[in-house]
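Visitor: This is upload.cif (mmCIF, C-alpha atoms).
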data_entry
#
loop_
_atom_site.label_atom_id
_atom_site.label_comp_id
_atom_site.auth_asym_id
_atom_site.auth_seq_id
_atom_site.Cartn_x
_atom_site.Cartn_y
_atom_site.Cartn_z
CA MET A 66 30.07 171.44 5.09
CA GLU A 67 31.51 168.31 6.72
CA LYS A 68 29.37 165.20 6.42
CA THR A 69 28.92 163.71 9.89
CA ASP A 70 25.65 161.78 9.53
CA LEU A 71 25.76 159.80 6.31
CA SER A 72 22.62 158.18 4.98
CA CYS A 73 20.97 156.95 1.77
CA ALA A 74 21.24 160.51 0.47
CA ASP A 75 25.01 160.00 0.30
CA CYS A 76 25.00 156.51 -1.26
CA ALA A 77 26.17 155.64 -4.78
CA VAL A 78 26.17 151.87 -4.26
CA ILE A 79 22.46 151.07 -3.88
CA ASN A 80 23.10 147.48 -2.87
CA CYS A 81 19.62 147.40 -1.32
CA ARG A 82 18.20 147.23 -4.86
CA LYS A 83 19.58 143.80 -5.86
CA GLY A 84 22.04 142.70 -3.18
CA ASP A 85 24.80 142.11 -5.72
CA LYS A 86 27.36 144.50 -4.23
CA ARG A 87 28.88 145.30 -0.85
CA TYR A 88 26.95 147.60 1.45
CA PRO A 89 28.83 150.80 2.34
CA ASP A 90 30.02 151.13 5.93
CA PHE A 91 27.38 153.74 6.74
CA CYS A 92 24.50 151.85 5.11
CA VAL A 93 21.11 152.43 6.70
CA THR A 94 20.04 148.86 5.83
CA THR A 95 22.83 147.29 7.89
CA HIS A 96 22.52 149.76 10.79
CA MET A 97 18.75 149.90 11.04
CA ASP A 98 16.81 149.31 14.25
CA PRO A 99 15.28 145.84 13.69
CA ASP A 100 12.24 146.72 15.78
CA LEU A 101 11.58 149.78 13.64
CA LYS A 102 11.92 147.70 10.49
CA GLU A 103 9.46 145.13 11.80
CA GLU A 104 7.05 147.87 12.85
CA ALA A 105 7.07 149.24 9.30
CA LEU A 106 6.67 145.78 7.79
CA ALA A 107 3.73 145.09 10.09
CA LEU A 108 2.06 148.24 8.78
CA CYS A 109 2.81 147.17 5.20
CA ARG A 110 0.95 143.94 5.92
CA GLU A 111 -2.18 145.70 7.17
CA GLU A 112 -5.03 145.08 4.74
CA GLU A 113 -5.50 148.52 3.14
CA ASN A 114 -1.79 149.37 3.15
CA ASN A 115 -1.00 146.00 1.63
CA ARG A 116 -3.57 146.47 -1.13
CA ILE A 117 -1.93 149.76 -2.04
CA MET A 118 1.57 148.26 -1.90
CA ARG A 119 0.63 145.30 -4.10
CA THR A 120 -1.29 147.43 -6.59
CA ALA A 121 1.52 149.98 -6.87
CA ALA A 122 4.02 147.19 -7.55
CA GLN A 123 1.78 145.64 -10.19
CA VAL A 124 1.28 148.97 -11.96
CA GLU A 125 5.03 149.58 -11.90
CA TYR A 126 5.69 146.10 -13.29
CA GLU A 127 3.13 146.23 -16.11
CA GLY A 128 3.74 149.82 -17.12
CA TYR A 129 7.50 149.99 -16.62
CA ARG A 130 8.93 152.38 -19.23
CA GLN A 131 5.66 152.13 -21.17
CA TRP A 132 2.97 154.06 -19.30
CA CYS A 133 3.07 157.78 -18.54
CA ARG A 134 2.20 158.91 -15.02
CA VAL A 135 -1.33 159.93 -16.06
CA ARG A 136 -2.04 156.36 -17.09
CA GLU A 137 -0.30 154.95 -14.04
CA ILE A 138 -2.60 156.98 -11.78
CA MET A 139 -5.69 155.80 -13.65
CA GLU A 140 -4.55 152.17 -13.60
CA PHE A 141 -3.73 152.40 -9.90
CA ALA A 142 -7.12 153.92 -9.07
CA LYS A 143 -9.06 151.46 -11.21
CA ARG A 144 -7.38 148.39 -9.73
CA LEU A 145 -8.06 149.58 -6.20
CA GLY A 146 -11.70 150.21 -6.99
CA TYR A 147 -11.38 153.96 -6.47
CA ARG A 148 -14.20 155.72 -8.29
CA LYS A 149 -14.10 159.33 -7.10
CA ILE A 150 -10.87 161.21 -7.76
CA GLY A 151 -10.12 164.54 -6.11
CA ILE A 152 -7.86 167.06 -7.83
CA ALA A 153 -6.06 169.64 -5.70
CA THR A 154 -4.70 172.11 -8.22
CA CYS A 155 -2.82 175.36 -8.37
CA VAL A 156 -4.83 178.00 -10.25
CA GLY A 157 -1.76 178.46 -12.43
CA LEU A 158 -2.20 174.91 -13.73
CA ILE A 159 -5.97 174.94 -14.08
CA ARG A 160 -5.68 174.08 -17.78
CA GLU A 161 -3.68 170.97 -16.95
CA ALA A 162 -6.22 170.08 -14.25
CA ARG A 163 -9.08 170.42 -16.72
CA ILE A 164 -7.35 168.14 -19.24
CA PHE A 165 -6.67 165.57 -16.52
CA ALA A 166 -10.26 165.75 -15.28
CA ASP A 167 -11.53 165.18 -18.81
CA LEU A 168 -9.29 162.13 -19.23
CA LEU A 169 -10.45 160.73 -15.90
CA ARG A 170 -14.12 161.15 -16.81
CA LYS A 171 -13.59 159.52 -20.19
CA ASN A 172 -12.18 156.54 -18.32
CA GLY A 173 -15.21 156.22 -16.07
CA PHE A 174 -14.11 158.12 -12.97
CA GLU A 175 -16.07 160.72 -11.04
CA VAL A 176 -14.02 163.88 -10.49
CA PHE A 177 -14.11 166.75 -8.03
CA GLY A 178 -11.46 169.47 -8.34
CA ILE A 179 -10.61 172.27 -5.94
CA ALA A 180 -8.28 175.15 -6.78
CA CYS A 181 -5.79 176.62 -4.34
CA LYS A 182 -7.45 180.06 -4.28
CA ALA A 183 -10.97 178.72 -3.63
CA GLY A 184 -12.63 180.81 -0.94
CA ALA A 185 -10.85 183.96 -2.15
CA VAL A 186 -9.26 184.74 1.23
CA PRO A 187 -6.86 187.73 1.30
CA LYS A 188 -3.32 186.79 2.31
CA VAL A 189 -3.25 189.39 5.07
CA ASP A 190 -6.24 187.69 6.73
CA VAL A 191 -4.08 184.70 7.65
CA GLY A 192 -1.05 186.70 8.77
CA ILE A 193 0.93 186.65 5.53
CA ALA A 194 3.19 189.69 5.04
CA PRO A 195 1.53 192.42 2.92
CA GLU A 196 4.39 192.48 0.39
CA CYS A 197 3.50 188.90 -0.61
CA ALA A 198 0.25 190.26 -2.04
CA GLN A 199 2.27 191.85 -4.85
CA ILE A 200 2.11 188.55 -6.77
CA GLY A 201 -1.58 188.10 -6.00
CA PRO A 202 -3.87 189.35 -3.23
CA ASN A 203 -5.47 186.05 -2.19
CA THR A 204 -3.86 183.20 -0.33
CA CYS A 205 -3.52 179.61 -1.39
CA ASN A 206 -5.54 177.49 1.02
CA PRO A 207 -4.32 173.87 0.94
CA ILE A 208 -6.02 172.95 4.21
CA LEU A 209 -9.36 174.10 2.79
CA GLN A 210 -8.63 172.09 -0.38
CA ALA A 211 -8.08 168.97 1.74
CA LYS A 212 -11.14 169.63 3.89
CA ILE A 213 -13.39 170.06 0.86
CA LEU A 214 -12.13 166.86 -0.75
CA ASN A 215 -12.61 165.10 2.59
CA GLN A 216 -16.19 166.39 2.58
CA GLU A 217 -16.62 165.09 -0.97
CA LYS A 218 -15.41 161.68 0.25
CA THR A 219 -12.94 161.20 -2.57
CA ASP A 220 -11.20 157.84 -2.84
CA LEU A 221 -7.88 159.22 -4.11
CA ASN A 222 -6.56 162.77 -4.31
CA VAL A 223 -4.15 163.99 -6.98
CA VAL A 224 -1.96 167.07 -6.52
CA ILE A 225 -1.35 169.27 -9.53
CA GLY A 226 1.24 171.98 -8.93
CA LEU A 227 0.66 173.08 -5.35
CA CYS A 228 3.36 175.40 -4.00
CA VAL A 229 6.22 174.14 -1.86
CA GLY A 230 4.85 173.97 1.68
CA HIS A 231 1.25 174.24 0.59
CA ASP A 232 1.55 170.71 -0.76
CA SER A 233 2.87 169.65 2.66
CA LEU A 234 -0.25 170.96 4.36
CA PHE A 235 -2.50 169.31 1.80
CA TYR A 236 -0.83 165.93 2.38
CA LYS A 237 -1.15 166.47 6.14
CA TYR A 238 -4.90 167.07 6.13
CA SER A 239 -6.10 164.84 3.28
CA GLU A 240 -8.04 161.84 4.56
CA ALA A 241 -7.80 159.98 1.24
CA PRO A 242 -4.48 158.66 -0.11
CA VAL A 243 -2.60 161.26 -2.16
CA THR A 244 -0.39 161.04 -5.23
CA THR A 245 1.23 163.84 -7.21
CA LEU A 246 0.82 164.32 -10.94
CA ILE A 247 2.72 167.62 -11.37
CA THR A 248 5.32 169.24 -9.12
CA LYS A 249 5.34 172.95 -9.85
CA ASP A 250 8.57 174.65 -10.89
CA ARG A 251 7.84 177.88 -12.76
CA VAL A 252 11.45 178.24 -13.89
CA THR A 253 12.04 174.77 -15.38
CA GLY A 254 8.63 174.17 -16.94
CA HIS A 255 7.57 172.00 -13.96
CA ASN A 256 10.61 169.76 -14.25
CA PRO A 257 12.41 170.37 -10.93
CA ALA A 258 14.88 167.55 -11.58
CA ALA A 259 16.42 169.73 -14.30
CA ALA A 260 18.17 171.78 -11.61
CA LEU A 261 19.71 168.60 -10.19
CA TYR A 262 20.98 167.39 -13.54
CA THR A 263 22.63 170.77 -14.15
CA ALA A 264 23.74 171.52 -10.57
CA ASP A 265 27.37 171.59 -11.74
CA SER A 266 26.70 173.82 -14.72
CA TYR A 267 23.64 176.02 -15.37
CA TYR A 268 22.43 175.82 -11.76
CA LYS A 269 25.83 175.90 -10.09
CA ASP A 270 24.68 178.91 -8.08
CA LEU A 271 22.43 176.60 -6.06
CA GLN A 272 25.52 175.38 -4.23
CA ALA A 273 25.72 178.62 -2.26
CA VAL A 274 22.35 180.36 -2.19
CA ILE A 275 21.85 180.32 1.59
CA PRO A 276 24.39 182.09 3.86
CA LYS A 277 26.25 179.58 6.03
CA GLU A 278 25.10 181.11 9.30
CA GLU A 279 21.48 180.43 8.27
CA ASN A 280 22.20 176.88 7.16
CA GLN A 281 23.85 175.58 10.33
#
Is it possible to give me this structure as structure tokens?

Guide:
Amino acid sequence: MEKTDLSCADCAVINCRKGDKRYPDFCVTTHMDPDLKEEALALCREEENNRIMRTAAQVEYEGYRQWCRVREIMEFAKRLGYRKIGIATCVGLIREARIFADLLRKNGFEVFGIACKAGAVPKVDVGIAPECAQIGPNTCNPILQAKILNQEKTDLNVVIGLCVGHDSLFYKYSEAPVTTLITKDRVTGHNPAAALYTADSYYKDLQAVIPKEENQ
């Protein structure tokens, strides 16, 4: 496929990190709408957004290459004064969710978790094709997960292994800020980056899994 609209996804220079190189000709930084940039910066300066930005940067700085993501989440929540943590988990990772909840409670947080199958709604009831029930009769319900955590008035919600697309709906409807602890990938042991690192070897088939007429 010919590249006609180059962006950061095509960059190997990353001059925006330190400014010690030359920006590529297609660089988004040098071609950006200045009004859009200022609009985003204005939002970054808004009180709550700015608190999150500053706290995230501090956690990154202090824990760089030292703290695991579990600790980063707890440090982030603690510094922002978040007390009640919501967990939106896949039922397939309920064990991981229970361990995380236990660690949160031992560190002084209140926890409320909601599993993706809560409500036990059959897939066919929401228009999902009957054959999809072969891997389980009940639907995941990310919107319900978000609504319940909204009702619980959580300060921060943490995603543990929601399906592709279901996570999108959870992010869309969550009223509290959301971060992700685990991204589910049943094939790679929940390490989706493994397919990128081996895209020229073990996962070379990913380069042509969708017929061209469907990908245009």

Visitor: Could you list, as an MDAnalysis selection string, every residue matched by the PyMOL selection byres ((chain A and resi 188-190) around 9) in this structure?

Guide: chainID A and resid 186:187 191:195 197:198 201:205

Visitor: For range 76-81 of chain A, work out the shell of residues within 12 Å, counting all atoms listed in the file and skipping chain neighbours fewer than 2 positions away, then give it as a list in words.

Guide: Leu71, Ser72, Cys73, Ala74, Lys83, Gly84, Asp85, Lys86, Arg87, Tyr88, Pro89, Asp90, Phe91, Cys92, Val93, Thr94 and Thr95 of chain A

Visitor: Have a look at CA of Gln272 in chain A and CA of Ala259 in chain A and let me know their distance in Å, one decimal.

Guide: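 That distance, rounded to one decimal, is 14.7 Å.
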
Visitor: What gap, in Å, lies between CA of Arg144 in chain A and CA of Met118 in chain A?

Guide: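 If I compute the distance from CA of Arg144 in chain A to CA of Met118 in chain A, I get 11.9 Å.
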
Visitor: Using all atoms listed in the file, collect all residues at a distance of at most 10 Å from (-11.3, 155.6, -6.2) as written in the file, then present them as a PDB file with C-alpha atoms, keeping the file's coordinate frame.

Guide:
ATOM      1  CA  MET A 139      -5.690 155.800 -13.650  1.00  0.00           C
ATOM      2  CA  PHE A 141      -3.730 152.400  -9.900  1.00  0.00           C
ATOM      3  CA  ALA A 142      -7.120 153.920  -9.070  1.00  0.00           C
ATOM      4  CA  LYS A 143      -9.060 151.460 -11.210  1.00  0.00           C
ATOM      5  CA  ARG A 144      -7.380 148.390  -9.730  1.00  0.00           C
ATOM      6  CA  LEU A 145      -8.060 149.580  -6.200  1.00  0.00           C
ATOM      7  CA  GLY A 146     -11.700 150.210  -6.990  1.00  0.00           C
ATOM      8  CA  TYR A 147     -11.380 153.960  -6.470  1.00  0.00           C
ATOM      9  CA  ARG A 148     -14.200 155.720  -8.290  1.00  0.00           C
ATOM     10  CA  LYS A 149     -14.100 159.330  -7.100  1.00  0.00           C
ATOM     11  CA  ILE A 150     -10.870 161.210  -7.760  1.00  0.00           C
ATOM     12  CA  GLY A 151     -10.120 164.540  -6.110  1.00  0.00           C
ATOM     13  CA  PHE A 174     -14.110 158.120 -12.970  1.00  0.00           C
ATOM     14  CA  GLU A 175     -16.070 160.720 -11.040  1.00  0.00           C
ATOM     15  CA  VAL A 176     -14.020 163.880 -10.490  1.00  0.00           C
ATOM     16  CA  LYS A 218     -15.410 161.680   0.250  1.00  0.00           C
ATOM     17  CA  THR A 219     -12.940 161.200  -2.570  1.00  0.00           C
ATOM     18  CA  ASP A 220     -11.200 157.840  -2.840  1.00  0.00           C
ATOM     19  CA  LEU A 221      -7.880 159.220  -4.110  1.00  0.00           C
ATOM     20  CA  ASN A 222      -6.560 162.770  -4.310  1.00  0.00           C
ATOM     21  CA  ALA A 241      -7.800 159.980   1.240  1.00  0.00           C
ATOM     22  CA  PRO A 242      -4.480 158.660  -0.110  1.00  0.00           C
TER      23      PRO A 242
END

Visitor: Which polymer residues have any atom within 10 Å of an atom of range 244-254 of chain A, counting only C-alpha atoms, with same-chain residues fewer than 2 positions away left out, as JSON, numbers by chain?

Guide: {"A": [134, 135, 137, 138, 152, 153, 154, 155, 157, 158, 161, 162, 165, 221, 222, 223, 224, 225, 226, 227, 228, 229, 232, 236, 241, 242, 256, 257, 258, 259, 260]}

Visitor: Work out how far CA of Gly178 in chain A is from CA of Ile164 in chain A, in Å to one decimal.

Guide: 11.7 Å

Visitor: Could you tell me which residues the PyMOL selection byres ((chain A and resi 180) around 6) returns for this structure, as a PyMOL selection string?

Guide: chain A and resi 154-156+179+181-183

Visitor: With 6 Å as the threshold, what does the neighbourhood of (-2.0, 176.0, 2.1) contain in terms of residues, counting all atoms listed in the file? Coordinates are those of the file; answer as a PyMOL selection string.

Guide: chain A and resi 205-208+231+234

Visitor: Can you report as AutoDock Vina command-line options the centre and edge lengths in Å, to one decimal, of an axis-aligned box around the listed atoms of range 178-197 of chain A padded with 6 Å on each side?

Guide:
--center_x -4.1 --center_y 181.0 --center_z 0.2 --size_x 29.0 --size_y 35.0 --size_z 29.1
